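Asker: My structure is in work14.csv, and what it holds is CSV, C-alpha atoms:
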```
chain,number,residue,atom,x,y,z
M,7,MET,CA,21.7,-87.4,-50.2
M,8,ILE,CA,22.6,-88.2,-46.6
M,9,TRP,CA,24.1,-91.5,-45.5
M,10,ASN,CA,23.6,-91.8,-41.8
M,11,LEU,CA,25.7,-94.3,-39.9
M,12,GLY,CA,23.7,-94.3,-36.7
M,13,SER,CA,22.1,-96.0,-33.7
M,14,ILE,CA,18.6,-97.3,-33.5
M,15,ASN,CA,17.1,-97.7,-30.1
M,16,ALA,CA,13.8,-98.6,-28.5
M,17,ASP,CA,13.1,-96.0,-25.8
M,18,ASN,CA,11.2,-97.7,-23.0
M,19,PHE,CA,9.7,-95.2,-20.5
M,20,TYR,CA,8.5,-96.4,-17.1
M,21,TYR,CA,6.6,-93.9,-15.1
M,22,LEU,CA,6.9,-94.4,-11.3
M,23,ARG,CA,6.0,-92.7,-8.0
M,24,HIS,CA,9.7,-92.5,-7.2
M,25,LEU,CA,12.9,-94.1,-8.4
M,26,PRO,CA,13.5,-97.5,-6.8
M,27,ALA,CA,16.0,-97.8,-4.0
M,28,PRO,CA,18.6,-100.7,-4.1
M,29,GLY,CA,16.7,-104.0,-3.7
M,30,GLU,CA,13.3,-102.3,-4.0
M,31,THR,CA,10.6,-103.6,-6.5
M,32,ILE,CA,8.1,-100.9,-7.5
M,33,ALA,CA,5.2,-101.0,-10.0
M,34,ALA,CA,5.1,-98.5,-12.9
M,35,HIS,CA,1.8,-96.7,-13.3
M,36,ASP,CA,2.4,-96.1,-17.0
M,37,PHE,CA,4.6,-97.3,-19.8
M,38,ARG,CA,5.4,-95.9,-23.3
M,39,GLN,CA,7.7,-97.1,-26.0
M,40,GLY,CA,9.1,-94.9,-28.7
M,41,LEU,CA,11.7,-94.8,-31.4
M,42,GLY,CA,15.0,-93.4,-30.2
M,43,GLY,CA,18.8,-93.4,-30.5
M,44,LYS,CA,20.8,-90.5,-31.7
M,45,GLY,CA,21.2,-92.0,-35.2
M,46,ALA,CA,17.5,-92.6,-35.7
M,47,ASN,CA,16.6,-89.2,-34.4
M,48,MET,CA,18.9,-87.5,-36.8
M,49,SER,CA,17.7,-89.6,-39.7
M,50,VAL,CA,14.1,-88.7,-39.0
M,51,ALA,CA,15.0,-85.0,-38.6
M,52,ALA,CA,16.8,-84.9,-41.9
M,53,ALA,CA,14.0,-86.6,-43.7
M,54,ARG,CA,11.5,-84.2,-42.2
M,55,ALA,CA,13.7,-81.4,-43.3
M,56,GLY,CA,13.1,-82.4,-46.9
M,57,THR,CA,16.1,-84.5,-48.1
M,58,ARG,CA,16.8,-88.1,-48.9
M,59,VAL,CA,18.3,-90.1,-46.0
M,60,MET,CA,19.7,-93.6,-46.1
M,61,HIS,CA,20.2,-95.1,-42.6
M,62,ILE,CA,23.1,-97.4,-42.1
M,63,GLY,CA,22.5,-99.5,-39.0
M,64,ALA,CA,21.4,-102.8,-37.4
M,65,VAL,CA,18.6,-104.1,-35.3
M,66,GLY,CA,17.7,-107.5,-33.8
M,67,PRO,CA,14.6,-109.6,-34.5
M,68,ASP,CA,12.8,-107.6,-31.9
M,69,GLY,CA,13.4,-104.3,-33.7
M,70,LYS,CA,11.5,-104.7,-36.9
M,71,TRP,CA,9.0,-102.1,-35.7
M,72,THR,CA,11.8,-99.5,-35.5
M,73,VAL,CA,12.6,-100.1,-39.1
M,74,ASP,CA,9.0,-99.8,-40.1
M,75,ARG,CA,8.7,-96.6,-38.1
M,76,LEU,CA,11.8,-95.1,-39.8
M,77,LEU,CA,10.3,-96.0,-43.2
M,78,GLU,CA,7.0,-94.4,-42.2
M,79,TYR,CA,8.9,-91.2,-41.4
M,80,GLY,CA,10.5,-91.1,-44.8
M,81,VAL,CA,13.9,-92.6,-44.0
M,82,GLU,CA,15.3,-95.2,-46.5
M,83,THR,CA,16.1,-98.4,-44.7
M,84,GLN,CA,17.7,-100.8,-47.3
M,85,HIS,CA,21.0,-100.7,-45.4
M,86,ILE,CA,19.6,-101.5,-41.9
M,87,SER,CA,20.7,-105.1,-41.2
M,88,MET,CA,18.6,-107.6,-39.2
M,89,ILE,CA,21.0,-109.5,-37.0
M,90,ASP,CA,20.8,-112.1,-34.2
M,91,THR,CA,21.3,-109.7,-31.4
M,92,ALA,CA,18.8,-107.7,-29.3
M,93,THR,CA,18.0,-104.2,-30.7
M,94,GLY,CA,19.6,-101.4,-28.8
M,95,HIS,CA,17.4,-99.9,-26.1
M,96,ALA,CA,17.1,-97.5,-23.3
M,97,ASN,CA,15.1,-98.3,-20.2
M,98,ILE,CA,14.1,-95.0,-18.7
M,99,CYS,CA,12.6,-94.7,-15.3
M,100,VAL,CA,10.8,-91.4,-14.7
M,101,ALA,CA,9.7,-90.4,-11.2
M,102,GLU,CA,6.8,-88.0,-10.4
M,103,ASP,CA,9.3,-85.3,-9.2
M,104,GLY,CA,11.0,-85.4,-12.6
M,105,GLU,CA,14.1,-87.3,-11.6
M,106,ASN,CA,15.1,-90.2,-14.0
M,107,SER,CA,17.5,-93.0,-14.3
M,108,ILE,CA,18.5,-94.7,-17.5
M,109,VAL,CA,19.9,-98.1,-18.4
M,110,LEU,CA,21.3,-98.1,-22.0
M,111,PHE,CA,22.0,-101.3,-23.9
M,112,SER,CA,23.9,-100.9,-27.2
M,113,GLY,CA,22.9,-104.2,-28.6
M,114,ALA,CA,22.9,-104.4,-32.4
M,115,ASN,CA,24.3,-100.9,-32.7
M,116,HIS,CA,27.7,-102.3,-31.6
M,117,LYS,CA,27.5,-105.2,-34.1
M,118,ILE,CA,27.6,-103.1,-37.2
M,119,THR,CA,30.5,-104.3,-39.3
M,120,THR,CA,32.9,-102.6,-41.8
M,121,GLN,CA,31.3,-104.9,-44.5
M,122,MET,CA,27.9,-103.4,-43.8
M,123,ILE,CA,29.3,-99.8,-43.9
M,124,GLY,CA,31.3,-100.5,-47.0
M,125,ALA,CA,28.3,-102.1,-48.9
M,126,ALA,CA,26.2,-99.0,-48.2
M,127,LEU,CA,28.8,-96.4,-49.1
M,128,ALA,CA,29.6,-98.2,-52.3
M,129,GLU,CA,26.3,-96.9,-53.5
M,130,ALA,CA,26.9,-93.2,-52.5
M,131,SER,CA,27.8,-90.5,-54.9
M,132,PRO,CA,30.5,-87.8,-54.6
M,133,GLY,CA,29.0,-84.7,-52.9
M,134,ASP,CA,26.7,-86.8,-50.7
M,135,PHE,CA,26.9,-86.5,-46.9
M,136,LEU,CA,28.0,-89.1,-44.5
M,137,LEU,CA,26.7,-88.3,-41.0
M,138,MET,CA,27.9,-90.1,-37.9
M,139,GLN,CA,27.6,-90.1,-34.1
M,140,ASN,CA,29.3,-92.1,-31.4
M,141,GLU,CA,26.5,-94.7,-30.5
M,142,THR,CA,27.8,-97.2,-33.1
M,143,LEU,CA,31.2,-98.6,-34.0
M,144,GLY,CA,33.1,-98.1,-37.3
M,145,GLN,CA,33.3,-94.3,-37.4
M,146,ARG,CA,37.0,-94.3,-38.4
M,147,PHE,CA,36.5,-96.8,-41.3
M,148,ALA,CA,33.4,-95.0,-42.4
M,149,ALA,CA,35.0,-91.5,-42.4
M,150,GLN,CA,38.1,-92.7,-44.3
M,151,THR,CA,36.0,-94.6,-46.9
M,152,ALA,CA,33.6,-91.7,-47.4
M,153,HIS,CA,36.4,-89.2,-47.7
M,154,THR,CA,38.1,-91.4,-50.3
M,155,LEU,CA,34.8,-91.6,-52.3
M,156,GLY,CA,34.4,-87.8,-52.3
M,157,LEU,CA,31.6,-87.6,-49.7
M,158,ARG,CA,31.3,-84.7,-47.3
M,159,VAL,CA,31.7,-86.0,-43.7
M,160,ALA,CA,29.7,-84.6,-40.8
M,161,TYR,CA,30.3,-85.8,-37.3
M,162,ALA,CA,28.1,-85.2,-34.3
M,163,ALA,CA,30.5,-86.1,-31.6
M,164,ALA,CA,28.2,-87.5,-29.0
M,165,PRO,CA,28.3,-89.4,-26.7
M,166,PHE,CA,31.6,-87.6,-26.5
M,167,ASP,CA,35.0,-89.4,-26.6
M,168,ALA,CA,37.9,-87.1,-27.4
M,169,GLU,CA,40.2,-89.9,-28.5
M,170,ILE,CA,37.7,-91.2,-31.1
M,171,VAL,CA,37.1,-87.7,-32.4
M,172,ALA,CA,40.8,-87.0,-32.7
M,173,GLN,CA,41.2,-90.2,-34.8
M,174,VAL,CA,38.8,-89.1,-37.4
M,175,LEU,CA,39.6,-85.4,-37.6
M,176,PRO,CA,41.6,-85.7,-40.8
M,177,ASP,CA,38.5,-87.0,-42.7
M,178,ILE,CA,35.9,-84.6,-41.3
M,179,ASP,CA,34.4,-81.6,-43.1
M,180,LEU,CA,31.9,-80.6,-40.4
M,181,LEU,CA,32.0,-81.2,-36.7
M,182,VAL,CA,29.1,-80.6,-34.3
M,183,LEU,CA,29.7,-80.6,-30.5
M,184,ASN,CA,28.7,-78.7,-27.4
M,185,GLU,CA,30.8,-76.2,-25.4
M,186,VAL,CA,32.0,-78.7,-22.8
M,187,GLU,CA,33.0,-81.1,-25.6
M,188,ALA,CA,34.8,-78.4,-27.5
M,189,GLU,CA,36.9,-77.6,-24.4
M,190,ALA,CA,37.7,-81.3,-23.9
M,191,LEU,CA,38.7,-81.7,-27.6
M,192,GLU,CA,41.1,-78.7,-27.3
M,193,LYS,CA,42.8,-80.3,-24.3
M,194,THR,CA,43.1,-83.6,-26.2
M,195,THR,CA,44.5,-82.2,-29.4
M,196,GLY,CA,46.4,-79.3,-27.8
M,197,ALA,CA,44.9,-77.0,-30.5
M,198,ARG,CA,42.2,-74.3,-30.4
M,199,ILE,CA,39.0,-75.1,-32.1
M,200,ASP,CA,39.8,-72.5,-34.7
M,201,ALA,CA,43.1,-74.2,-35.5
M,202,LEU,CA,41.7,-77.7,-36.1
M,203,PRO,CA,42.0,-79.1,-39.7
M,204,ILE,CA,38.2,-79.0,-40.2
M,205,ASN,CA,36.4,-76.6,-42.5
M,206,ASP,CA,33.4,-75.9,-40.3
M,207,ILE,CA,32.7,-76.5,-36.6
M,208,ILE,CA,29.4,-75.8,-34.9
M,209,VAL,CA,29.5,-75.4,-31.1
M,210,THR,CA,26.1,-75.6,-29.6
M,211,LEU,CA,25.5,-73.4,-26.5
M,212,GLY,CA,22.2,-74.6,-25.2
M,213,ALA,CA,19.8,-71.8,-24.4
M,214,GLU,CA,22.4,-69.3,-25.7
M,215,GLY,CA,22.2,-70.6,-29.3
M,216,CYS,CA,25.3,-71.7,-31.2
M,217,LYS,CA,28.6,-70.7,-32.6
M,218,TRP,CA,29.9,-71.3,-36.1
M,219,VAL,CA,33.6,-71.5,-36.5
M,220,SER,CA,34.6,-71.4,-40.2
M,221,ASN,CA,38.3,-72.4,-40.3
M,222,LYS,CA,38.2,-72.1,-44.1
M,223,ALA,CA,37.0,-68.5,-44.1
M,224,LYS,CA,38.7,-67.7,-40.8
M,225,THR,CA,35.4,-66.3,-39.3
M,226,VAL,CA,33.4,-66.9,-36.2
M,227,GLN,CA,29.6,-66.1,-36.0
M,228,ILE,CA,27.3,-66.4,-33.0
M,229,PHE,CA,23.6,-67.3,-33.6
M,230,PRO,CA,21.3,-66.5,-30.6
M,231,ALA,CA,18.6,-69.0,-29.6
M,232,TYR,CA,15.0,-68.6,-30.5
M,233,PRO,CA,12.9,-67.9,-27.3
M,234,VAL,CA,10.5,-70.8,-26.5
M,235,LYS,CA,9.2,-72.4,-23.3
M,236,ALA,CA,11.1,-75.7,-23.0
M,237,VAL,CA,9.2,-78.7,-21.9
M,238,ASP,CA,11.7,-81.5,-22.7
M,239,THR,CA,15.1,-81.1,-24.2
M,240,THR,CA,15.5,-84.7,-25.2
M,241,GLY,CA,16.4,-85.1,-28.8
M,242,ALA,CA,16.7,-81.3,-29.5
M,243,GLY,CA,20.4,-81.6,-30.3
M,244,ASP,CA,19.8,-84.5,-32.7
M,245,THR,CA,17.0,-82.5,-34.3
M,246,PHE,CA,19.3,-79.6,-34.8
M,247,THR,CA,22.0,-81.7,-36.4
M,248,GLY,CA,19.7,-83.6,-38.7
M,249,TYR,CA,18.1,-80.4,-39.9
M,250,LEU,CA,21.5,-78.7,-40.3
M,251,ILE,CA,22.9,-81.5,-42.6
M,252,ALA,CA,19.7,-81.7,-44.5
M,253,ALA,CA,19.7,-78.0,-45.2
M,254,LEU,CA,23.3,-78.1,-46.4
M,255,ASP,CA,22.5,-81.0,-48.6
M,256,ARG,CA,19.7,-78.9,-50.1
M,257,LYS,CA,22.4,-76.2,-50.9
M,258,LEU,CA,21.3,-73.7,-48.3
M,259,SER,CA,24.1,-71.4,-47.1
M,260,MET,CA,25.6,-72.2,-43.7
M,261,PRO,CA,23.9,-69.3,-41.9
M,262,ASP,CA,20.6,-70.2,-43.4
M,263,ALA,CA,21.1,-73.9,-42.5
M,264,ILE,CA,21.9,-73.0,-38.9
M,265,ALA,CA,18.9,-70.7,-38.6
M,266,LEU,CA,16.6,-73.5,-39.9
M,267,ALA,CA,18.2,-76.1,-37.6
M,268,MET,CA,17.9,-73.8,-34.6
M,269,GLN,CA,14.2,-73.2,-35.3
M,270,ALA,CA,13.7,-77.0,-35.5
M,271,GLY,CA,15.6,-77.5,-32.3
M,272,ALA,CA,13.6,-74.8,-30.5
M,273,LEU,CA,10.3,-76.3,-31.6
M,274,MET,CA,11.5,-79.7,-30.5
M,275,VAL,CA,12.0,-78.6,-26.9
M,276,THR,CA,8.3,-77.7,-26.6
M,277,ARG,CA,7.4,-81.3,-27.2
M,278,GLN,CA,7.8,-84.5,-25.1
M,279,GLY,CA,9.3,-87.4,-26.8
M,280,THR,CA,12.1,-88.3,-29.2
M,281,ALA,CA,12.0,-89.3,-32.9
M,282,ASP,CA,8.2,-89.6,-33.0
M,283,VAL,CA,7.7,-85.9,-32.3
M,284,ILE,CA,10.4,-84.3,-34.4
M,285,PRO,CA,8.9,-81.3,-36.3
M,286,ASP,CA,8.6,-81.2,-40.0
M,287,LEU,CA,9.1,-78.1,-42.3
M,288,LYS,CA,5.4,-77.3,-42.2
M,289,ASP,CA,5.4,-77.3,-38.4
M,290,ILE,CA,8.3,-74.7,-38.4
M,291,GLN,CA,6.6,-72.6,-41.0
M,292,ASP,CA,3.3,-72.6,-39.1
M,293,HIS,CA,5.0,-71.6,-35.9
M,294,GLY,CA,6.2,-68.4,-37.6
M,295,PHE,CA,9.6,-67.9,-35.9
M,296,ASP,CA,10.3,-64.8,-37.9
M,297,GLU,CA,7.4,-63.1,-36.2
M,298,ASP,CA,8.6,-63.8,-32.6
```
Let me see whether you can do it: turn the structure in this file into structure tokens.

Answerer:
Amino acid sequence: MIWNLGSINADNFYYLRHLPAPGETIAAHDFRQGLGGKGANMSVAAARAGTRVMHIGAVGPDGKWTVDRLLEYGVETQHISMIDTATGHANICVAEDGENSIVLFSGANHKITTQMIGAALAEASPGDFLLMQNETLGQRFAAQTAHTLGLRVAYAAAPFDAEIVAQVLPDIDLLVLNEVEAEALEKTTGARIDALPINDIIVTLGAEGCKWVSNKAKTVQIFPAYPVKAVDTTGAGDTFTGYLIAALDRKLSMPDAIALAMQAGALMVTRQGTADVIPDLKDIQDHGFDED
């Protein structure tokens, strides 16, 4: 089972002729609202990849629909707390030329307490996964608690903060980050990626695929990307991570788990949206990546 300490956001999309200049008021010609947040995206991806996922998070009274949506997508929600703070949200202005501007409000995501985290992890079993990102608080406490309880700790280090990552390194089993973040972490720690005290590190390389650094086996393996026509890269990294952890939870080998996660991420970039359009296993099977 996966226990995901993660953000839950309402993604509010406003479609405009152009982005407003300072002091300008402009009418949006379309509006859409969807489920988002890196944590919610990863929970949905893991559930659609065929494993049990318990989301640990918080929303405000305005966010009940986000919890209902997660439940609809197969995510277990007993440890999502309803608190007296606005739900996290992103207001995204999208212009006709494709430019965008985003205002992000953390809201309830930054009100998650150690008591909430501890109450959830007290129900976990040794061998379960704890998955974390950086859009909530409490990562260090969660990692230490999970490590003590015998859980495997996976950390998707985004939005990236090298100092926070460095603090939880002793309790991480699997780290997922991109190439720029990997370089920043090396500068912060003064150690090469292949010398960090973590069993497995996945460095995503965008259109070039990803790199698996196994510090336990002292090996490095490159996985090329699957060729697809990208329409929207939003949520692709979250989809990759959710699928990766789900596959490992289902006892797939690391190479097989990476391959499946890359197929999910590749299919995700052909779709517009976030959590609501994350592919399931049947979508991947129907696409027939092995035939490309």

Asker: I'd like to know which of M:Thr276, M:Gln227, M:Ser49, M:Ser112 is closest to Thr83 (chain M), using all atoms listed in the file.

Answerer: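 That would be M:Ser49, the residue with the smallest distance to Thr83 (chain M).
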
Asker: CA of Arg38 (chain M) and CA of Gly271 (chain M) are how many Å apart?

Answerer: 22.9 Å

Asker: Pick out the closest residue to Gly42 (chain M) from this set: M:Ala213, M:Leu25, M:Leu76, M:Ala252. Count only C-alpha atoms.

Answerer: M:Leu76

Asker: Compile the contact shell of Glu185 (chain M) as a list of chain:residue names: residues with an atom at most 12 Å away, counting all atoms listed in the file, same-chain residues fewer than 4 positions apart removed.

Answerer: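 After dropping sequence-adjacent residues, the list is M:Ala163, M:Phe166, M:Glu189, M:Ala190, M:Leu191, M:Glu192, M:Ile199, M:Ile207, M:Ile208, M:Val209, M:Thr210, M:Leu211, M:Gly212, M:Ala213, M:Glu214, M:Gly215, M:Cys216, M:Lys217, M:Trp218.
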
Asker: Could those selected residues go to a file with C-alpha atoms, as a PDB file, in the frame of the given file?

Answerer:
```pdb
ATOM      1  CA  ALA M 163      30.500 -86.100 -31.600  1.00  0.00           C
ATOM      2  CA  PHE M 166      31.600 -87.600 -26.500  1.00  0.00           C
ATOM      3  CA  GLU M 189      36.900 -77.600 -24.400  1.00  0.00           C
ATOM      4  CA  ALA M 190      37.700 -81.300 -23.900  1.00  0.00           C
ATOM      5  CA  LEU M 191      38.700 -81.700 -27.600  1.00  0.00           C
ATOM      6  CA  GLU M 192      41.100 -78.700 -27.300  1.00  0.00           C
ATOM      7  CA  ILE M 199      39.000 -75.100 -32.100  1.00  0.00           C
ATOM      8  CA  ILE M 207      32.700 -76.500 -36.600  1.00  0.00           C
ATOM      9  CA  ILE M 208      29.400 -75.800 -34.900  1.00  0.00           C
ATOM     10  CA  VAL M 209      29.500 -75.400 -31.100  1.00  0.00           C
ATOM     11  CA  THR M 210      26.100 -75.600 -29.600  1.00  0.00           C
ATOM     12  CA  LEU M 211      25.500 -73.400 -26.500  1.00  0.00           C
ATOM     13  CA  GLY M 212      22.200 -74.600 -25.200  1.00  0.00           C
ATOM     14  CA  ALA M 213      19.800 -71.800 -24.400  1.00  0.00           C
ATOM     15  CA  GLU M 214      22.400 -69.300 -25.700  1.00  0.00           C
ATOM     16  CA  GLY M 215      22.200 -70.600 -29.300  1.00  0.00           C
ATOM     17  CA  CYS M 216      25.300 -71.700 -31.200  1.00  0.00           C
ATOM     18  CA  LYS M 217      28.600 -70.700 -32.600  1.00  0.00           C
ATOM     19  CA  TRP M 218      29.900 -71.300 -36.100  1.00  0.00           C
TER      20      TRP M 218
END
```

Asker: Considering all atoms listed in the file, can you say which of M:Ala101, M:Ala148, M:Ala270, M:Leu180 comes closest to Leu127 (chain M)?

Answerer: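 Selected residue with least distance to Leu127 (chain M): M:Ala148.
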
Asker: Taking into account all atoms listed in the file, which residue in the set M:Thr120, M:Thr154, M:Asn115, M:Thr239 is nearest to Thr91 (chain M)?

Answerer: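 Looking at the shortest contact to Thr91 (chain M), the residue is M:Asn115.
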
Asker: Restricting the calculation to all atoms listed in the file: of M:Pro203, M:Thr151, M:Leu175, M:Ala55, which residue gets closest to Ile290 (chain M)?

Answerer: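 Among the listed residues, M:Ala55 lies closest to Ile290 (chain M).
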
Asker: Go through M:Pro285, M:Gly133, M:Pro26, M:Gly63 one by one, measure the shortest atom-to-atom distance of each to Ala51 (chain M) using all atoms listed in the file, and give the residue with the smallest value.

Answerer: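 Selected residue with least distance to Ala51 (chain M): M:Pro285.
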
Asker: Please compute the CA of Thr195 (chain M)-CA of Val171 (chain M) distance, one decimal, in Å.

Answerer: 9.7 Å

Asker: Fewer than 6 positions away in the same chain doesn't count, so skip those; otherwise give me all residues within 7 Å of Leu11 (chain M), counting all atoms listed in the file, as an mmCIF file with C-alpha atoms, in the frame of the given file.

Answerer:
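Produced file part-v1.cif, reproduced below:
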```cif
data_model
loop_
_atom_site.group_PDB
_atom_site.id
_atom_site.type_symbol
_atom_site.label_atom_id
_atom_site.label_comp_id
_atom_site.auth_asym_id
_atom_site.auth_seq_id
_atom_site.Cartn_x
_atom_site.Cartn_y
_atom_site.Cartn_z
ATOM 1 C CA GLY M 45 21.200 -92.000 -35.200
ATOM 2 C CA HIS M 61 20.200 -95.100 -42.600
ATOM 3 C CA ILE M 62 23.100 -97.400 -42.100
ATOM 4 C CA GLY M 63 22.500 -99.500 -39.000
ATOM 5 C CA LEU M 137 26.700 -88.300 -41.000
ATOM 6 C CA MET M 138 27.900 -90.100 -37.900
#
```

Asker: Restricted to N, CA, C and O atoms, what does region 254-267 of chain M look like when written out as a PDB file, in the first residue's frame?

Answerer:
```
ATOM      1  N   LEU M 254       6.355  -0.545  -8.184  1.00  0.00           N
ATOM      2  CA  LEU M 254       7.260  -1.134  -7.189  1.00  0.00           C
ATOM      3  C   LEU M 254       6.471  -1.754  -6.039  1.00  0.00           C
ATOM      4  O   LEU M 254       6.847  -2.809  -5.515  1.00  0.00           O
ATOM      5  N   ASP M 255       5.378  -1.118  -5.655  1.00  0.00           N
ATOM      6  CA  ASP M 255       4.528  -1.667  -4.599  1.00  0.00           C
ATOM      7  C   ASP M 255       3.911  -2.991  -5.036  1.00  0.00           C
ATOM      8  O   ASP M 255       3.660  -3.871  -4.209  1.00  0.00           O
ATOM      9  N   ARG M 256       3.684  -3.137  -6.345  1.00  0.00           N
ATOM     10  CA  ARG M 256       3.142  -4.387  -6.899  1.00  0.00           C
ATOM     11  C   ARG M 256       4.242  -5.401  -7.198  1.00  0.00           C
ATOM     12  O   ARG M 256       4.005  -6.406  -7.852  1.00  0.00           O
ATOM     13  N   LYS M 257       5.462  -5.114  -6.727  1.00  0.00           N
ATOM     14  CA  LYS M 257       6.611  -6.040  -6.798  1.00  0.00           C
ATOM     15  C   LYS M 257       7.220  -6.157  -8.186  1.00  0.00           C
ATOM     16  O   LYS M 257       7.930  -7.134  -8.471  1.00  0.00           O
ATOM     17  N   LEU M 258       6.978  -5.184  -9.077  1.00  0.00           N
ATOM     18  CA  LEU M 258       7.694  -5.185 -10.346  1.00  0.00           C
ATOM     19  C   LEU M 258       9.156  -4.834 -10.088  1.00  0.00           C
ATOM     20  O   LEU M 258       9.479  -4.139  -9.117  1.00  0.00           O
ATOM     21  N   SER M 259      10.040  -5.293 -10.942  1.00  0.00           N
ATOM     22  CA  SER M 259      11.447  -4.912 -10.842  1.00  0.00           C
ATOM     23  C   SER M 259      11.583  -3.434 -11.170  1.00  0.00           C
ATOM     24  O   SER M 259      10.706  -2.841 -11.812  1.00  0.00           O
ATOM     25  N   MET M 260      12.686  -2.827 -10.761  1.00  0.00           N
ATOM     26  CA  MET M 260      12.878  -1.406 -11.044  1.00  0.00           C
ATOM     27  C   MET M 260      12.861  -1.116 -12.547  1.00  0.00           C
ATOM     28  O   MET M 260      12.170  -0.176 -12.981  1.00  0.00           O
ATOM     29  N   PRO M 261      13.561  -1.875 -13.391  1.00  0.00           N
ATOM     30  CA  PRO M 261      13.489  -1.589 -14.830  1.00  0.00           C
ATOM     31  C   PRO M 261      12.065  -1.681 -15.395  1.00  0.00           C
ATOM     32  O   PRO M 261      11.660  -0.845 -16.205  1.00  0.00           O
ATOM     33  N   ASP M 262      11.314  -2.691 -14.966  1.00  0.00           N
ATOM     34  CA  ASP M 262       9.939  -2.831 -15.451  1.00  0.00           C
ATOM     35  C   ASP M 262       9.057  -1.701 -14.927  1.00  0.00           C
ATOM     36  O   ASP M 262       8.168  -1.205 -15.641  1.00  0.00           O
ATOM     37  N   ALA M 263       9.285  -1.304 -13.670  1.00  0.00           N
ATOM     38  CA  ALA M 263       8.512  -0.211 -13.079  1.00  0.00           C
ATOM     39  C   ALA M 263       8.791   1.097 -13.815  1.00  0.00           C
ATOM     40  O   ALA M 263       7.872   1.877 -14.104  1.00  0.00           O
ATOM     41  N   ILE M 264      10.052   1.349 -14.141  1.00  0.00           N
ATOM     42  CA  ILE M 264      10.414   2.562 -14.872  1.00  0.00           C
ATOM     43  C   ILE M 264       9.784   2.558 -16.262  1.00  0.00           C
ATOM     44  O   ILE M 264       9.248   3.573 -16.727  1.00  0.00           O
ATOM     45  N   ALA M 265       9.830   1.425 -16.935  1.00  0.00           N
ATOM     46  CA  ALA M 265       9.251   1.329 -18.277  1.00  0.00           C
ATOM     47  C   ALA M 265       7.760   1.650 -18.253  1.00  0.00           C
ATOM     48  O   ALA M 265       7.247   2.402 -19.098  1.00  0.00           O
ATOM     49  N   LEU M 266       7.032   1.085 -17.285  1.00  0.00           N
ATOM     50  CA  LEU M 266       5.601   1.345 -17.181  1.00  0.00           C
ATOM     51  C   LEU M 266       5.347   2.814 -16.858  1.00  0.00           C
ATOM     52  O   LEU M 266       4.456   3.443 -17.447  1.00  0.00           O
ATOM     53  N   ALA M 267       6.127   3.361 -15.935  1.00  0.00           N
ATOM     54  CA  ALA M 267       5.953   4.764 -15.556  1.00  0.00           C
ATOM     55  C   ALA M 267       6.224   5.693 -16.729  1.00  0.00           C
ATOM     56  O   ALA M 267       5.534   6.706 -16.920  1.00  0.00           O
TER      57      ALA M 267
END
```
